[in-house]
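Novice: For reference, the structure I am asking about is given below.
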Amino acid sequence: MARLVIVSNRVPAPRERGNLAGGLAVALRDAIRGRETMWFGWSGGTVGGDDEPPAPGITTVGQLTFATLDLPEKLFRGYYEGFSNGMLWPLLHSRMGLAEFRRTDLEAYYAVNEAFARALAPLLRPDDLVWVHDYQLIPLGAALRRAGVTARIGFFLHVPFPASALFLALPQADRLLRDFAAYDLVGVQVPEDADHLTESLDAIGIDAPTARAFPIGINPKSFATTARKAETGSDADRLRQSLGDRALIIGVDRLDYSKGIPHRFRGFAQLLKRFPEHRNHVTMIQIAPVSRGDVAQYRALRKELDELAGRINGENAEFDWVPLRYLTRAVPRNTLAGFYRKARIGLVTPLRDGMNLVAKEYVAAQEPADPGALVLSRFAGAAIELDGAVLVNPYDPDETAEALHHALRMPLEERQERWRRMMDAVETNTASAWARNFVSALEDRPARG
């Protein structure tokens with residue numbers, strides 16, 4: 001069996017007995033188990049100056065080797081904060097108006113990918129399977145080829161890919177698109193993203209592998225078990241006591257403008273305004289841990305949410321009821337599982353999302369005999385699979401309010417039938433199936449050279 005080499009912007013921290021922390025690590029756990037694996041990426045540390053980064057640090061735990069690289073501070077800022085998150089992230093989420101392009105950031109982006117390739121190439125074997133992850137590392141495959149690597153290299157994009165006309169608005173888009181030709185397999189979340197990427201490649205005559213959809217999932221059995229245990233835990237008990245007999249609506253997202261949280265708040269406000277029978281009978285909890293708090297767009301988003309939450313509570317609260325509880329700190333995953341199980345409605349309304357695993361976790365956490373309802377944005381990749389969800393256009397707060405009203409009044413039999421359809425999809429496209437299918441497809445590609 002060929003060694004699997006995973007490359008991502010950040011490398012997860014190893015825990016005791018080789019267990020891994022982090023979302024991608026959880027998704028790849030089954031692909032790694034029982035197989036010699038090396039995980040390569042940024043260490044999380046920086047060094048001064050613009051000199052060549054020091055040699056990667058190597059740590060081995062059982063069959064898993066971690067190889068991590070420090071990056072020069074100046075290059076890191078241009079690569080990560082500048083081009084990756086200031087330009088590519090909004091572009092890929094179809095928010096070109098928030099994108100900021102600087103040529104120096106683009107050059108730092110390419111310089112870091114070249115540094116990754118120079119550090120990684122000597123560690124590779126000819127029969128390795130190299131799996132590169134996400135938008136920060138699109139040029140890495142081409143940089144590895146220039147370094148003489150002939151091993152099979154695959155790439156997976158975890159975020160959406162926009163329509164061709166939008167992506168081609170990126171300055172030097174053709175340069176980035178040409179880099180896809182270095183890969184033997186390109187994976188995305190859903191067929192629409194595959195079509196968009198293929199159209200962009202065709203538009204400028206790039207001969208690259210046809211993009212394929214590999215929908216990512218979760219481990220539903222494990223998450224369901226976690227939710228059942230957490231349901232009787234102290235945090236879930238405190239939540240239950242605080243709610244009384246009120247129905248719970250829950251939203252959980254990283255604080256990001258792609259998640260549509262302001263639109264969600266307005267939809268909830270419209271629910272209380274248009275359907276007053278729910279006043280004092282429903283509580284919404286929004287958990288949104290702050291990320292990229294030093295970026296101007298994220299500071300503005302947090303200010304907007306603070307004001308919206310204050311206005312909604314000020315206009316609707318009673319002396320014994322606060323309609324909206326808004327937290328900007330992280331809540332442990334195990335605790336969240338218990339909260340999902342308690343919630344009558346999971347409210348997942350991104351403006352654009354590659355997949356959205358919160359939607360799948362909410363479904364997996366439900367009590368089969370009395371499941372909650374999922375209100376889901378039609379712009380989340382998960383909407384293709386979860387056809388039992390109540391789909392909404394998050395740009396229309398009245399449509400969100402109507403969907404919440406319908407979900408709150410939904411009969412038990414309808415909730416059970418919708419949940420069963422969604423759970424079948426969650427149990428089919430699991431994290432292990434996603435990893436297994438991608439690695440198998442990459443193994444089927446002939447090695448170069």
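Ligands are numbered from 1 in the order shown, chains are lettered A, B, ... in the order of the structure tokens, and residues start at 1 in each chain.
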DSSP on the backbone, strand (DSSP E or B) only: what residues of range 155-212 of chain A does that give? Format it as a list in words.

Specialist: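 Result set for range 155-212 of chain A (strand (DSSP E or B)): Phe155, Phe156, Leu185, Val186, Gly187, Val188 and Arg212 of chain A.
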
Novice: If you keep N, CA and C atoms, can you produce a file of those selected residues as a PDB file, in the first residue's frame?

Specialist:
ATOM      1  N   PHE A 155      -5.870  17.043  -5.599  1.00  0.00           N
ATOM      2  CA  PHE A 155      -6.204  18.303  -4.935  1.00  0.00           C
ATOM      3  C   PHE A 155      -7.685  18.301  -4.606  1.00  0.00           C
ATOM      4  N   PHE A 156      -8.032  18.759  -3.394  1.00  0.00           N
ATOM      5  CA  PHE A 156      -9.432  18.880  -3.018  1.00  0.00           C
ATOM      6  C   PHE A 156      -9.716  20.291  -2.527  1.00  0.00           C
ATOM      7  N   LEU A 185      -5.869  14.469 -10.141  1.00  0.00           N
ATOM      8  CA  LEU A 185      -7.273  14.412  -9.761  1.00  0.00           C
ATOM      9  C   LEU A 185      -7.610  15.693  -9.015  1.00  0.00           C
ATOM     10  N   VAL A 186      -8.729  16.310  -9.390  1.00  0.00           N
ATOM     11  CA  VAL A 186      -9.210  17.519  -8.717  1.00  0.00           C
ATOM     12  C   VAL A 186     -10.610  17.220  -8.190  1.00  0.00           C
ATOM     13  N   GLY A 187     -10.805  17.389  -6.877  1.00  0.00           N
ATOM     14  CA  GLY A 187     -12.088  17.128  -6.257  1.00  0.00           C
ATOM     15  C   GLY A 187     -12.693  18.392  -5.678  1.00  0.00           C
ATOM     16  N   VAL A 188     -14.018  18.478  -5.746  1.00  0.00           N
ATOM     17  CA  VAL A 188     -14.788  19.564  -5.141  1.00  0.00           C
ATOM     18  C   VAL A 188     -15.972  18.935  -4.402  1.00  0.00           C
ATOM     19  N   ARG A 212     -14.175  16.553 -10.224  1.00  0.00           N
ATOM     20  CA  ARG A 212     -15.202  15.594  -9.801  1.00  0.00           C
ATOM     21  C   ARG A 212     -15.708  15.947  -8.413  1.00  0.00           C
TER      22      ARG A 212
END

Novice: Show me, as a ChimeraX atom specification, the residues that have an atom within 6 Å of range 262-271 of chain A when counting only C-alpha atoms, minus same-chain residues fewer than 5 positions from it.

Specialist: /A:397,400-401

Novice: Which is closer to Pro215 in chain A than all the others in A:Gly41, A:Pro191, A:Gly251, A:Pro54, using only C-alpha atoms?

Specialist: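 Distance minimum relative to Pro215 in chain A lands on A:Pro191.
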
Novice: Hey, which of A:Arg420, A:Asp320, A:Leu347, A:Leu98 ends up closest to Tyr298 in chain A? Count only C-alpha atoms.

Specialist: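 The closest residue to Tyr298 in chain A is A:Leu98.
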
Novice: Residues of range 155-396 of chain A in helix (DSSP H, G or I) according to DSSP, as a PyMOL selection string?

Specialist: chain A and resi 164-167+173-182+191-203+220-230+234-243+257-259+261-274+276-278+296-316+333-342+357-365+381-384

Novice: State, in Å with one decimal place, the distance from CA of Gly346 in chain A to CA of Gln416 in chain A.

Specialist: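 Those two atoms sit 14.7 Å apart.
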
Novice: Got a sec: who's within 12 Å of Pro332 in chain A, counting only C-alpha atoms, leaving out chain neighbours fewer than 3 positions off, as a ChimeraX atom specification?

Specialist: /A:226,230,235,252,287,289,329,335-339

Novice: For Asp128 in chain A, please output as an mmCIF file with N, CA and C atoms, in the first residue's frame all residues within 8 Å (counting only C-alpha atoms; exclusion window: fewer than 5 positions along the same chain).

Specialist:
data_model
loop_
_atom_site.group_PDB
_atom_site.id
_atom_site.type_symbol
_atom_site.label_atom_id
_atom_site.label_comp_id
_atom_site.auth_asym_id
_atom_site.auth_seq_id
_atom_site.Cartn_x
_atom_site.Cartn_y
_atom_site.Cartn_z
ATOM 1 N N ALA A 2 0.630 2.148 -0.955
ATOM 2 C CA ALA A 2 1.433 3.359 -1.057
ATOM 3 C C ALA A 2 1.221 4.244 0.158
ATOM 4 N N ARG A 3 2.271 4.977 0.515
ATOM 5 C CA ARG A 3 2.141 5.935 1.611
ATOM 6 C C ARG A 3 1.237 7.084 1.181
ATOM 7 N N LEU A 4 0.412 7.564 2.097
ATOM 8 C CA LEU A 4 -0.442 8.715 1.852
ATOM 9 C C LEU A 4 0.237 9.948 2.438
ATOM 10 N N VAL A 5 0.382 10.975 1.628
ATOM 11 C CA VAL A 5 0.965 12.242 2.066
ATOM 12 C C VAL A 5 -0.118 13.315 1.972
ATOM 13 N N ALA A 151 5.191 11.577 -8.487
ATOM 14 C CA ALA A 151 4.151 10.836 -7.767
ATOM 15 C C ALA A 151 2.765 11.361 -8.150
ATOM 16 N N ARG A 152 1.752 10.551 -7.905
ATOM 17 C CA ARG A 152 0.386 10.989 -8.150
ATOM 18 C C ARG A 152 0.005 12.062 -7.117
#

Novice: Can you list, as JSON, numbers by chain, every protein, DNA or RNA residue that comes within 10 Å of Arg103 in chain A when you count only C-alpha atoms, leaving out same-chain residues fewer than 5 positions away?

Specialist: {"A": [78, 82, 83, 108, 109, 171, 172]}

Novice: Which polymer residues have any atom within 8 Å of an atom of Ala435 in chain A, counting only C-alpha atoms, with same-chain residues fewer than 5 positions away left out, as a list in words?

Specialist: Ala27, Leu28, Asp30, Ala31 and Ile216 of chain A

Novice: With C-alpha atoms kept, could you save the residues just selected as a PDB file, in the first residue's frame?

Specialist:
ATOM      1  CA  ALA A  27     -12.659  13.665   8.394  1.00  0.00           C
ATOM      2  CA  LEU A  28      -9.429  11.896   7.394  1.00  0.00           C
ATOM      3  CA  ASP A  30     -10.348   6.512   8.709  1.00  0.00           C
ATOM      4  CA  ALA A  31      -8.153   7.092   5.652  1.00  0.00           C
ATOM      5  CA  ILE A 216     -17.579  15.367   2.435  1.00  0.00           C
TER       6      ILE A 216
END

Novice: Check the smallest atom-to-atom distance from each of A:Ala194, A:Met410, A:Val390, A:Ile6 to Leu129 in chain A using only C-alpha atoms, then report the winner.

Specialist: A:Ile6

Novice: Could you check which of A:Ser258, A:Thr60, A:Asn85, A:Gln286 is closest to Tyr135 in chain A, using only C-alpha atoms?

Specialist: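 Nearest candidate to Tyr135 in chain A out of A:Ser258, A:Thr60, A:Asn85, A:Gln286: A:Asn85.
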
Novice: If I take CA of Val112 in chain A and CA of Leu64 in chain A, how far is one from the other in Å, to one decimal?

Specialist: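 Going from CA of Val112 in chain A over to CA of Leu64 in chain A covers 24.3 Å.
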
Novice: From the list A:Phe438, A:Trp39, A:Trp131, A:Phe167, which residue is nearest Leu201 in chain A when using only C-alpha atoms?

Specialist: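 Checking each candidate against Leu201 in chain A, we get A:Phe167 as the closest.
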